[in-house]
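Peer 1: Pasting target_10.csv here (CSV, C-alpha atoms and all ligand atoms):
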chain,number,residue,atom,x,y,z
A,1,MET,CA,0.0,0.0,0.0
A,2,PHE,CA,2.8,2.4,0.9
A,3,HIS,CA,4.8,1.6,-2.1
A,4,SER,CA,2.0,2.6,-4.5
A,5,ALA,CA,1.4,5.8,-2.4
A,6,ARG,CA,5.1,6.6,-2.7
A,7,ILE,CA,5.0,6.1,-6.5
A,8,LYS,CA,1.9,8.3,-6.7
A,9,LEU,CA,3.5,11.0,-4.5
A,10,THR,CA,6.7,10.8,-6.6
A,11,LEU,CA,4.6,11.3,-9.8
A,12,TRP,CA,2.9,14.4,-8.3
A,13,TYR,CA,6.2,15.9,-7.2
A,14,LEU,CA,7.6,15.2,-10.7
A,15,LEU,CA,4.6,16.6,-12.4
A,16,ILE,CA,4.9,19.9,-10.5
A,17,ILE,CA,8.7,20.2,-11.1
A,18,MET,CA,8.4,19.3,-14.8
A,19,ALA,CA,5.5,21.7,-15.3
A,20,ILE,CA,7.7,24.5,-14.0
A,21,SER,CA,10.7,23.4,-16.0
A,22,VAL,CA,8.9,23.1,-19.3
A,23,LEU,CA,7.1,26.4,-18.8
A,24,PHE,CA,10.4,28.1,-18.1
A,25,SER,CA,12.0,26.5,-21.2
A,26,LEU,CA,9.1,27.5,-23.4
A,27,THR,CA,9.4,31.1,-22.1
A,28,ILE,CA,13.1,31.2,-22.9
A,29,TYR,CA,12.6,29.7,-26.3
A,30,ARG,CA,9.7,32.1,-27.2
A,31,PHE,CA,11.8,35.1,-25.9
A,32,GLN,CA,14.8,34.0,-28.0
A,33,VAL,CA,12.6,33.6,-31.2
A,34,THR,CA,10.9,37.0,-30.9
A,35,GLU,CA,14.2,38.7,-30.0
A,36,SER,CA,16.0,37.3,-33.1
A,37,GLU,CA,13.0,38.2,-35.3
A,38,ARG,CA,13.1,41.7,-33.9
A,39,ILE,CA,16.9,42.0,-34.7
A,40,LEU,CA,16.3,40.6,-38.2
A,41,LEU,CA,13.5,43.1,-38.8
A,42,ARG,CA,15.6,46.0,-37.5
A,43,GLN,CA,18.4,45.0,-39.8
A,44,ARG,CA,16.1,44.8,-42.8
A,45,VAL,CA,14.7,48.2,-42.1
A,46,GLY,CA,18.3,49.5,-41.8
A,47,ILE,CA,19.2,48.0,-45.1
A,48,GLU,CA,16.1,49.3,-46.8
A,49,ARG,CA,16.9,52.8,-45.5
A,50,GLY,CA,20.3,52.4,-47.1
A,51,GLY,CA,22.2,52.7,-43.9
A,52,PHE,CA,24.5,49.7,-44.5
A,53,LEU,CA,24.4,49.6,-48.3
A,54,ARG,CA,28.0,50.2,-48.9
A,55,PRO,CA,30.1,47.0,-48.3
A,56,GLY,CA,32.4,47.2,-45.3
A,57,PHE,CA,30.0,49.4,-43.3
A,58,GLY,CA,27.8,48.3,-40.5
A,59,PRO,CA,27.6,44.9,-38.8
A,60,PRO,CA,27.6,41.8,-41.0
A,61,GLU,CA,24.2,40.8,-42.3
A,62,LEU,CA,22.3,38.3,-40.2
A,63,GLU,CA,21.3,35.3,-42.3
A,64,PRO,CA,17.8,33.9,-41.5
A,65,GLU,CA,19.3,30.4,-41.9
A,66,ILE,CA,21.9,31.0,-39.2
A,67,LEU,CA,19.1,32.3,-36.9
A,68,LYS,CA,17.0,29.2,-37.6
A,69,GLU,CA,20.0,27.0,-36.8
A,70,ALA,CA,20.6,28.9,-33.5
A,71,GLN,CA,16.9,28.4,-32.6
A,72,ARG,CA,17.1,24.7,-33.4
A,73,ARG,CA,20.2,24.4,-31.2
A,74,LEU,CA,18.5,26.2,-28.4
A,75,MET,CA,15.5,23.9,-28.6
A,76,LEU,CA,17.8,20.8,-28.5
A,77,ASN,CA,19.7,22.2,-25.5
A,78,LEU,CA,16.4,23.0,-23.7
A,79,ILE,CA,15.1,19.4,-24.4
A,80,LEU,CA,18.4,17.9,-23.0
A,81,ILE,CA,18.2,20.2,-19.9
A,82,ASN,CA,14.6,19.1,-19.3
A,83,LEU,CA,15.5,15.4,-19.7
A,84,GLY,CA,18.3,16.0,-17.1
A,85,VAL,CA,15.8,17.7,-14.8
A,86,LEU,CA,13.4,14.8,-15.3
A,87,ILE,CA,16.0,12.2,-14.3
A,88,ILE,CA,17.5,14.1,-11.4
A,89,SER,CA,14.2,15.3,-10.0
A,90,GLY,CA,12.7,11.8,-10.4
A,91,GLY,CA,15.3,10.4,-8.1
A,92,ALA,CA,14.9,13.3,-5.7
A,93,ALA,CA,11.1,13.1,-5.7
A,94,TYR,CA,11.2,9.3,-5.0
A,95,PHE,CA,13.5,9.9,-2.1
A,96,LEU,CA,11.5,12.8,-0.7
A,97,ALA,CA,8.2,10.9,-1.1
A,98,GLY,CA,9.8,8.1,1.0
A,99,ARG,CA,10.8,10.6,3.6
A,100,THR,CA,7.3,12.2,3.7
A,101,LEU,CA,5.5,8.9,4.0
A,102,LYS,CA,7.9,7.4,6.6
A,103,PRO,CA,6.2,8.9,9.7
A,104,ILE,CA,2.7,8.0,8.5
A,105,GLU,CA,3.8,4.4,7.8
A,106,LYS,CA,5.3,4.2,11.3
A,107,ALA,CA,2.2,5.6,12.9
A,108,LEU,CA,0.0,3.1,11.1
A,109,GLU,CA,2.4,0.2,12.0
A,110,ASN,CA,2.2,1.3,15.6
A,111,GLN,CA,-1.6,1.4,15.6
A,112,LYS,CA,-1.8,-2.1,14.1
A,113,ARG,CA,0.7,-3.4,16.6
A,114,PHE,CA,-1.3,-1.8,19.4
A,115,VAL,CA,-4.5,-3.5,18.2
A,116,ALA,CA,-2.7,-6.8,17.9
A,117,ASP,CA,-1.1,-6.5,21.4
A,118,ALA,CA,-4.3,-5.3,23.0
A,119,SER,CA,-6.4,-8.1,21.6
A,120,HIS,CA,-3.7,-10.6,22.6
A,121,GLU,CA,-3.6,-9.2,26.2
A,122,LEU,CA,-7.3,-9.5,26.4
A,123,ARG,CA,-7.3,-13.2,25.8
A,124,THR,CA,-5.9,-14.3,29.2
A,125,PRO,CA,-8.3,-12.4,31.5
A,126,LEU,CA,-11.2,-13.4,29.2
A,127,THR,CA,-10.2,-17.1,29.4
A,128,THR,CA,-10.0,-16.9,33.2
A,129,MET,CA,-13.4,-15.2,33.4
A,130,LYS,CA,-14.9,-17.8,31.1
A,131,THR,CA,-13.5,-20.7,33.2
A,132,GLU,CA,-14.6,-19.2,36.5
A,133,LEU,CA,-18.1,-18.5,35.2
A,134,GLU,CA,-18.4,-22.0,33.9
A,135,VAL,CA,-17.2,-23.5,37.2
A,136,ASN,CA,-19.6,-21.3,39.2
A,137,LEU,CA,-22.5,-22.2,36.9
A,138,ARG,CA,-22.0,-25.9,37.8
A,139,SER,CA,-22.3,-25.4,41.5
A,140,LYS,CA,-25.5,-26.8,43.1
A,141,GLY,CA,-26.6,-24.1,45.5
A,142,LEU,CA,-27.1,-21.4,42.9
A,143,VAL,CA,-30.4,-19.5,43.0
A,144,GLU,CA,-32.2,-19.2,39.6
A,145,GLU,CA,-31.7,-15.4,39.4
A,146,ALA,CA,-27.9,-15.7,39.9
A,147,LYS,CA,-27.7,-18.5,37.4
A,148,LYS,CA,-29.4,-16.4,34.8
A,149,ILE,CA,-26.9,-13.5,35.4
A,150,LEU,CA,-23.9,-15.8,35.2
A,151,GLU,CA,-25.2,-17.3,32.0
A,152,SER,CA,-25.7,-13.9,30.4
A,153,ASN,CA,-22.2,-12.9,31.6
A,154,LEU,CA,-20.8,-16.0,30.0
A,155,GLU,CA,-22.5,-15.1,26.7
A,156,GLU,CA,-20.9,-11.7,26.8
A,157,VAL,CA,-17.5,-13.0,27.7
A,158,ASP,CA,-17.8,-15.4,24.7
A,159,LYS,CA,-18.6,-12.5,22.4
A,160,LEU,CA,-15.6,-10.5,23.7
A,161,GLY,CA,-13.4,-13.5,23.2
A,162,TYR,CA,-14.7,-13.8,19.6
A,163,LEU,CA,-14.1,-10.1,19.0
A,164,SER,CA,-10.6,-10.2,20.3
A,165,ASP,CA,-9.8,-13.2,18.2
A,166,LYS,CA,-11.2,-11.5,15.1
A,167,LEU,CA,-9.3,-8.3,15.8
A,168,LEU,CA,-6.1,-10.2,16.3
A,169,ARG,CA,-6.6,-12.0,13.0
A,170,LEU,CA,-7.3,-8.8,11.1
A,171,SER,CA,-4.2,-7.0,12.4
A,172,CYS,CA,-2.2,-10.2,11.7
A,173,TYR,CA,-3.4,-10.3,8.0
A,174,GLU,CA,-2.8,-6.6,7.6
A,175,GLN,CA,0.8,-6.8,8.7
A,176,LYS,CA,3.5,-8.3,6.5
A,177,GLU,CA,3.7,-11.7,8.1
A,178,GLY,CA,0.7,-13.7,9.3
A,179,LEU,CA,0.1,-16.3,6.6
A,180,SER,CA,2.0,-19.4,5.5
A,181,PHE,CA,1.6,-20.5,1.9
A,182,THR,CA,1.6,-24.1,0.7
A,183,SER,CA,0.1,-26.0,-2.3
A,184,ILE,CA,-3.5,-26.4,-1.4
A,185,SER,CA,-6.7,-27.6,-3.0
A,186,LEU,CA,-9.4,-24.9,-3.1
A,187,LYS,CA,-12.0,-27.6,-3.5
A,188,GLU,CA,-11.0,-29.0,-0.1
A,189,ALA,CA,-11.0,-25.6,1.5
A,190,LEU,CA,-14.5,-24.9,0.2
A,191,GLU,CA,-15.7,-28.3,1.3
A,192,GLU,CA,-14.3,-27.7,4.8
A,193,ALA,CA,-16.0,-24.3,5.0
A,194,VAL,CA,-19.3,-25.8,3.9
A,195,GLU,CA,-18.9,-28.6,6.4
A,196,LYS,CA,-18.5,-26.1,9.2
A,197,HIS,CA,-21.7,-24.3,8.3
A,198,THR,CA,-24.1,-27.2,7.6
A,199,SER,CA,-25.5,-27.2,11.1
A,200,LEU,CA,-26.4,-23.5,10.9
A,201,ALA,CA,-27.9,-24.1,7.4
A,202,LYS,CA,-29.8,-27.1,8.6
A,203,SER,CA,-31.3,-25.1,11.5
A,204,LYS,CA,-32.8,-22.8,8.9
A,205,LYS,CA,-33.6,-25.6,6.4
A,206,ILE,CA,-31.3,-24.0,3.9
A,207,GLU,CA,-29.7,-26.3,1.3
A,208,ILE,CA,-26.1,-25.6,0.3
A,209,VAL,CA,-25.6,-26.7,-3.3
A,210,LYS,CA,-22.0,-27.3,-4.3
A,211,ASP,CA,-20.5,-27.4,-7.8
A,212,LEU,CA,-16.8,-27.6,-7.3
A,213,GLU,CA,-14.0,-28.2,-9.8
A,214,GLU,CA,-10.6,-29.4,-8.6
A,215,VAL,CA,-8.3,-26.3,-8.5
A,216,GLY,CA,-5.0,-26.0,-6.8
A,217,ILE,CA,-3.3,-22.8,-5.7
A,218,GLN,CA,-0.5,-21.6,-3.5
A,219,GLY,CA,-2.1,-20.3,-0.3
A,220,ASP,CA,-2.9,-20.5,3.4
A,221,PHE,CA,-5.5,-23.2,3.8
A,222,ALA,CA,-6.9,-22.0,7.2
A,223,ALA,CA,-7.2,-18.4,6.2
A,224,LEU,CA,-9.1,-19.3,3.0
A,225,VAL,CA,-11.4,-21.7,4.8
A,226,GLU,CA,-12.2,-18.8,7.2
A,227,ALA,CA,-12.7,-16.3,4.4
A,228,PHE,CA,-15.1,-18.7,2.5
A,229,GLY,CA,-16.7,-19.5,5.8
A,230,THR,CA,-17.5,-15.9,6.5
A,231,MET,CA,-19.2,-15.5,3.1
A,232,LEU,CA,-21.1,-18.8,3.6
A,233,ASP,CA,-22.1,-17.7,7.2
A,234,ASN,CA,-23.4,-14.4,5.8
A,235,ALA,CA,-25.2,-16.2,2.9
A,236,VAL,CA,-27.0,-18.4,5.5
A,237,LYS,CA,-27.5,-15.6,8.1
A,238,TYR,CA,-29.1,-13.2,5.6
A,239,SER,CA,-31.3,-15.7,3.8
A,240,PRO,CA,-34.8,-16.7,4.6
A,241,LYS,CA,-35.7,-20.2,5.8
A,242,GLU,CA,-35.9,-23.0,3.2
A,243,SER,CA,-33.9,-21.2,0.6
A,244,LYS,CA,-30.8,-22.3,-1.4
A,245,VAL,CA,-27.2,-21.2,-1.2
A,246,ASN,CA,-25.0,-22.1,-4.2
A,247,VAL,CA,-21.2,-22.6,-3.9
A,248,ASP,CA,-19.3,-22.8,-7.2
A,249,LEU,CA,-15.6,-23.2,-8.0
A,250,GLN,CA,-14.2,-23.0,-11.5
A,251,SER,CA,-10.9,-22.5,-13.1
A,252,LYS,CA,-11.0,-19.7,-15.7
A,253,ASP,CA,-8.1,-18.2,-17.7
A,254,GLY,CA,-5.4,-19.1,-15.1
A,255,LYS,CA,-7.6,-17.9,-12.3
A,256,ALA,CA,-9.7,-19.7,-9.7
A,257,VAL,CA,-13.2,-18.3,-9.4
A,258,VAL,CA,-15.3,-19.0,-6.3
A,259,MET,CA,-18.9,-17.9,-6.3
A,260,ILE,CA,-21.1,-17.9,-3.2
A,261,GLN,CA,-24.7,-17.0,-4.1
A,262,ASP,CA,-27.7,-16.6,-1.9
A,263,SER,CA,-31.3,-15.5,-2.4
A,264,GLY,CA,-31.5,-13.5,0.8
A,265,VAL,CA,-32.2,-10.0,1.8
A,266,GLY,CA,-29.6,-8.5,-0.5
A,267,ILE,CA,-27.6,-5.3,0.1
A,268,LYS,CA,-28.6,-1.8,-0.9
A,269,ALA,CA,-26.4,-0.1,-3.6
A,270,SER,CA,-25.6,2.7,-1.1
A,271,GLU,CA,-24.3,0.2,1.4
A,272,LEU,CA,-22.3,-2.0,-1.0
A,273,PRO,CA,-19.1,0.1,-0.9
A,274,HIS,CA,-19.0,-0.1,2.9
A,275,ILE,CA,-19.6,-3.8,3.7
A,276,PHE,CA,-15.8,-4.5,3.7
A,277,ASP,CA,-15.1,-1.7,6.2
A,278,ARG,CA,-14.3,-2.7,9.8
A,279,PHE,CA,-17.3,-2.8,12.1
A,280,TYR,CA,-19.7,-1.9,9.3
A,281,ARG,CA,-23.1,-3.6,9.4
A,282,ALA,CA,-25.8,-2.8,6.9
A,283,ASP,CA,-29.3,-2.1,8.1
A,284,THR,CA,-30.3,-5.7,8.9
A,285,SER,CA,-33.8,-4.8,10.2
A,286,ARG,CA,-35.2,-6.3,7.1
A,287,THR,CA,-34.4,-9.7,8.3
A,288,LYS,CA,-37.0,-11.1,10.6
A,289,GLU,CA,-34.7,-12.7,13.2
A,290,LYS,CA,-32.0,-10.8,15.1
A,291,VAL,CA,-28.7,-11.4,13.4
A,292,THR,CA,-25.6,-11.2,15.5
A,293,GLY,CA,-22.1,-10.2,14.4
A,294,PHE,CA,-19.6,-7.4,14.7
A,295,GLY,CA,-19.2,-6.4,11.1
A,296,LEU,CA,-15.6,-7.7,11.0
A,297,GLY,CA,-16.0,-10.9,9.0
A,298,LEU,CA,-15.8,-9.4,5.5
A,299,SER,CA,-12.9,-7.1,6.3
A,300,ILE,CA,-10.9,-10.1,7.5
A,301,ALA,CA,-12.0,-12.1,4.4
A,302,ARG,CA,-10.8,-9.3,2.1
A,303,ALA,CA,-7.5,-8.9,3.9
A,304,ALA,CA,-6.9,-12.6,3.6
A,305,VAL,CA,-7.9,-12.7,-0.1
A,306,GLU,CA,-5.7,-9.7,-0.9
A,307,LYS,CA,-2.8,-11.4,0.8
A,308,HIS,CA,-3.3,-14.1,-1.9
A,309,HIS,CA,-3.2,-11.4,-4.6
A,310,GLY,CA,-6.9,-12.0,-5.3
A,311,LYS,CA,-10.0,-9.9,-5.0
A,312,ILE,CA,-13.6,-10.1,-3.9
A,313,GLU,CA,-16.5,-8.8,-5.9
A,314,VAL,CA,-20.1,-8.4,-4.9
A,315,VAL,CA,-23.3,-8.1,-6.9
A,316,SER,CA,-26.5,-7.7,-4.9
A,317,THR,CA,-30.1,-6.9,-5.4
A,318,PRO,CA,-32.1,-5.9,-2.3
A,319,GLY,CA,-34.8,-8.5,-1.8
A,320,LYS,CA,-33.4,-10.8,-4.4
A,321,GLY,CA,-30.0,-11.9,-3.1
A,322,SER,CA,-26.3,-11.5,-3.3
A,323,THR,CA,-23.4,-13.1,-5.1
A,324,PHE,CA,-19.9,-12.9,-3.7
A,325,THR,CA,-17.1,-13.8,-6.2
A,326,VAL,CA,-13.6,-14.5,-5.1
A,327,ILE,CA,-10.9,-14.4,-7.8
A,328,LEU,CA,-7.6,-15.9,-7.0
A,329,PRO,CA,-4.5,-16.4,-9.2
A,330,THR,CA,-3.6,-20.1,-9.7
A,331,ALA,CA,-0.1,-19.6,-10.9
B,401,LIG,N1,-24.9,-12.4,1.8
B,401,LIG,C1,-25.3,-11.3,2.3
B,401,LIG,N2,-26.6,-10.8,2.2
B,401,LIG,C2,-27.0,-9.7,2.7
B,401,LIG,N3,-26.2,-8.8,3.4
B,401,LIG,C3,-24.9,-9.2,3.6
B,401,LIG,C4,-24.4,-10.4,3.0
B,401,LIG,N4,-23.1,-10.5,3.4
B,401,LIG,C5,-22.8,-9.4,4.0
B,401,LIG,N5,-23.9,-8.6,4.2
B,401,LIG,C6,-23.9,-7.3,4.9
B,401,LIG,O1,-22.6,-6.9,5.1
B,401,LIG,C7,-22.3,-6.6,6.5
B,401,LIG,C8,-20.9,-6.9,6.8
B,401,LIG,O2,-20.7,-8.3,6.8
B,401,LIG,P1,-19.7,-9.0,7.8
B,401,LIG,O3,-18.4,-8.3,7.7
B,401,LIG,O4,-19.7,-10.5,7.6
B,401,LIG,O5,-20.3,-8.6,9.2
B,401,LIG,P2,-21.4,-9.4,10.1
B,401,LIG,O6,-20.7,-9.7,11.4
B,401,LIG,O7,-22.5,-8.3,10.3
B,401,LIG,O8,-21.9,-10.6,9.4
B,401,LIG,C9,-23.4,-7.4,7.2
B,401,LIG,O9,-23.7,-6.8,8.4
B,401,LIG,C10,-24.6,-7.4,6.2
B,401,LIG,O10,-25.3,-6.3,6.4
B,402,MG,MG,-20.6,-12.0,8.8
Write the structure described by the file as structure tokens, please.
Peer 2:
Amino acid sequence: MFHSARIKLTLWYLLIIMAISVLFSLTIYRFQVTESERILLRQRVGIERGGFLRPGFGPPELEPEILKEAQRRLMLNLILINLGVLIISGGAAYFLAGRTLKPIEKALENQKRFVADASHELRTPLTTMKTELEVNLRSKGLVEEAKKILESNLEEVDKLGYLSDKLLRLSCYEQKEGLSFTSISLKEALEEAVEKHTSLAKSKKIEIVKDLEEVGIQGDFAALVEAFGTMLDNAVKYSPKESKVNVDLQSKDGKAVVMIQDSGVGIKASELPHIFDRFYRADTSRTKEKVTGFGLGLSIARAAVEKHHGKIEVVSTPGKGSTFTVILPTA
């Protein structure tokens, strides 16, 4: 991300420097041309008035050819100078762009590390709380009221644990390390993701229809299973009961194309650009049941897919359904 920003900034710096340099050169050239034309004219007028008619008197006559030659040489020199400016300022601009972006890059890195550290540190106390709550819930002499409170606390602790896990994963994928690549089968990854969501689908009587080709890529199996799982989870969560979810995998022009299609509530066009943002959740009031989530799933999925040099595309019609397409390079 920072490399492309550096290139862009370099180009902007270069554009400004070159605009000034070219403008300056054009002014010099224009000035030289009008000046020499003026001299030529003055000389002609002088000759016509008979001032230098006698040979040996007055300055030697200026030949238009010589003037043209001088102009051509000036033009060539100016072009060479501009090329020099382009090369030197290109290097300088790249260096300066790097210097400009360095503090921003550092701040962002620190912020990511902070999120990673914070979510990591949260895990231990949350695990302790969870264990203690579970142990207390099992004790016999608990009054009904207290039991209800403890159960609700346990639920919240589970949610917090899930949240800190997701945040940790997101910051992990957004940093340079975080994934380990091997030769994997995308078909197997999709089958595992489907397997993990069959019970949720069954509870809503949703049928997951698979049509999977065998496609191998270099990638992180667990990360891809999670990314596909997020999309399947959404497809099931945001679909009505007794509907269908299609999962397709094809190999097309050296690329693996995964399609997860549902006929659920769909996403409004105004909300589509935001669904990959962290903590963004579209207005889900259209679904009858309460749908839980933090709005982090798709941002993690996108970070994982981008780490594989792939992309995710969405097409959605409110009320009709959504299709999420993941395109991954197979080479
Ligand atoms: N298949 C889908 N159908 C309808 N809406 C979807 C679908 N997938 C994602 N969305 C919308 O995108 C939002 C972000 O998705 P996600 O990051 O997985 O968060 P959440 O935890 O809410 O599921 C969801 O809240 C939902 O509004
Ligand atoms: Mg989700």
Peer 1: Excluding Leu122 of chain A and residues on its chain fewer than 4 positions from it, collect all residues at most 9 Å away from it, counting all atoms listed in the file, and give them as a ChimeraX atom specification.
Peer 2: /A:117-118,126-127,160-161,164
Peer 1: Can you pull out every residue within 12 Å of Ser119 of chain A, counting all atoms listed in the file, but drop anything in the same chain fewer than 5 positions away, and send it as a PyMOL selection string?
Peer 2: chain A and resi 112-114+124-126+160-172
Peer 1: May I have the residues from that selection written out with C-alpha atoms, as a compact mmCIF listing (two decimals), in the coordinates of the input?
Peer 2:
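Resulting contents of out_0.txt:
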# COMPACT_ATOMS: atom_id res chain seq x y z
CA LYS A 112 -1.80 -2.10 14.10
CA ARG A 113 0.70 -3.40 16.60
CA PHE A 114 -1.30 -1.80 19.40
CA THR A 124 -5.90 -14.30 29.20
CA PRO A 125 -8.30 -12.40 31.50
CA LEU A 126 -11.20 -13.40 29.20
CA LEU A 160 -15.60 -10.50 23.70
CA GLY A 161 -13.40 -13.50 23.20
CA TYR A 162 -14.70 -13.80 19.60
CA LEU A 163 -14.10 -10.10 19.00
CA SER A 164 -10.60 -10.20 20.30
CA ASP A 165 -9.80 -13.20 18.20
CA LYS A 166 -11.20 -11.50 15.10
CA LEU A 167 -9.30 -8.30 15.80
CA LEU A 168 -6.10 -10.20 16.30
CA ARG A 169 -6.60 -12.00 13.00
CA LEU A 170 -7.30 -8.80 11.10
CA SER A 171 -4.20 -7.00 12.40
CA CYS A 172 -2.20 -10.20 11.70
Peer 1: Once you count all atoms listed in the file, which residues end up within 6 Å of ligand LIG 401 (chain B), and could you hand them over as a ChimeraX atom specification?
Peer 2: /A:230,234-235,238,264-267,275,280-282,284,293-299,322
Peer 1: Counting all atoms listed in the file, which of A:Leu232, A:Ile17, A:Val215, A:Leu23 gets nearest to Ile260 of chain A?
Peer 2: A:Leu232
Peer 1: Between atom CA of Glu213 of chain A and atom CA of Glu242 of chain A, what distance in Å does the model show, to one decimal?
Peer 2: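 Interatomic distance, atom CA of Glu213 of chain A to atom CA of Glu242 of chain A: 26.0 Å.
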Peer 1: Write out as an MDAnalysis selection string the residues lying within 9 Å of Gln250 of chain A, counting all atoms listed in the file and excluding same-chain residues fewer than 4 positions away.
Peer 2: chainID A and resid 211:215 255:259
Peer 1: Just the number, please: distance in Å from atom CA of His197 of chain A to atom CA of Thr317 of chain A, one decimal.
Peer 2: 23.7 Å
Peer 1: Quick one: distance from atom CA of Tyr13 of chain A to atom CA of Leu78 of chain A in Å, one decimal?
Peer 2: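 Those two atoms sit 20.7 Å apart.
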Peer 1: Using all atoms listed in the file, pick whichever of A:Arg99, A:Arg278, A:His3, A:Arg42 has the shortest atom-to-atom distance to ligand MG 402 (chain B).
Peer 2: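 Using all atoms listed in the file, ligand MG 402 (chain B) sits closest to A:Arg278.
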Peer 1: If we count all atoms listed in the file and set the cut-off at 9 Å, which residues sit around segment 129-134 of chain A, ignoring sequence neighbours fewer than 3 positions away in its own chain? Please answer as a PDB file with C-alpha atoms, in the coordinates of the input.
Peer 2:
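Once written, around.pdb looks like this:
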ATOM      1  CA  THR A 124      -5.900 -14.300  29.200  1.00  0.00           C
ATOM      2  CA  PRO A 125      -8.300 -12.400  31.500  1.00  0.00           C
ATOM      3  CA  LEU A 126     -11.200 -13.400  29.200  1.00  0.00           C
ATOM      4  CA  LEU A 137     -22.500 -22.200  36.900  1.00  0.00           C
ATOM      5  CA  ARG A 138     -22.000 -25.900  37.800  1.00  0.00           C
ATOM      6  CA  LEU A 150     -23.900 -15.800  35.200  1.00  0.00           C
ATOM      7  CA  GLU A 151     -25.200 -17.300  32.000  1.00  0.00           C
ATOM      8  CA  ASN A 153     -22.200 -12.900  31.600  1.00  0.00           C
ATOM      9  CA  LEU A 154     -20.800 -16.000  30.000  1.00  0.00           C
ATOM     10  CA  VAL A 157     -17.500 -13.000  27.700  1.00  0.00           C
ATOM     11  CA  ASP A 158     -17.800 -15.400  24.700  1.00  0.00           C
TER      12      ASP A 158
END
Peer 1: Report as a ChimeraX atom specification all protein, DNA and RNA residues lying within 12 Å of Asp233 of chain A, evaluated on all atoms listed in the file, omitting residues in the same chain fewer than 4 positions from it.
Peer 2: /A:193-201,204,206,208,225-229,237-239,245,260-262,291-293,297-298,301
Peer 1: Name the closest residue to ligand MG 402 (chain B) among the candidates A:Lys320, A:Ala331, A:Ile47, A:Ile300; distances are taken between atoms, counting only C-alpha atoms and all ligand atoms.
Peer 2: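 Of all the options, A:Ile300 lies closest to ligand MG 402 (chain B).
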Peer 1: Identify which of the residues A:Val236, A:Glu69, A:Val135, A:Ser243 lies closest to ligand MG 402 (chain B), counting only C-alpha atoms and all ligand atoms when measuring atom-to-atom distances.
Peer 2: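 Nearest to ligand MG 402 (chain B): A:Val236.
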Peer 1: Using only C-alpha atoms and all ligand atoms, which of A:Met231, A:Leu74, A:Val315, A:Ala303 sits nearest ligand MG 402 (chain B)?
Peer 2: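 For ligand MG 402 (chain B), the nearest of the candidates is A:Met231.
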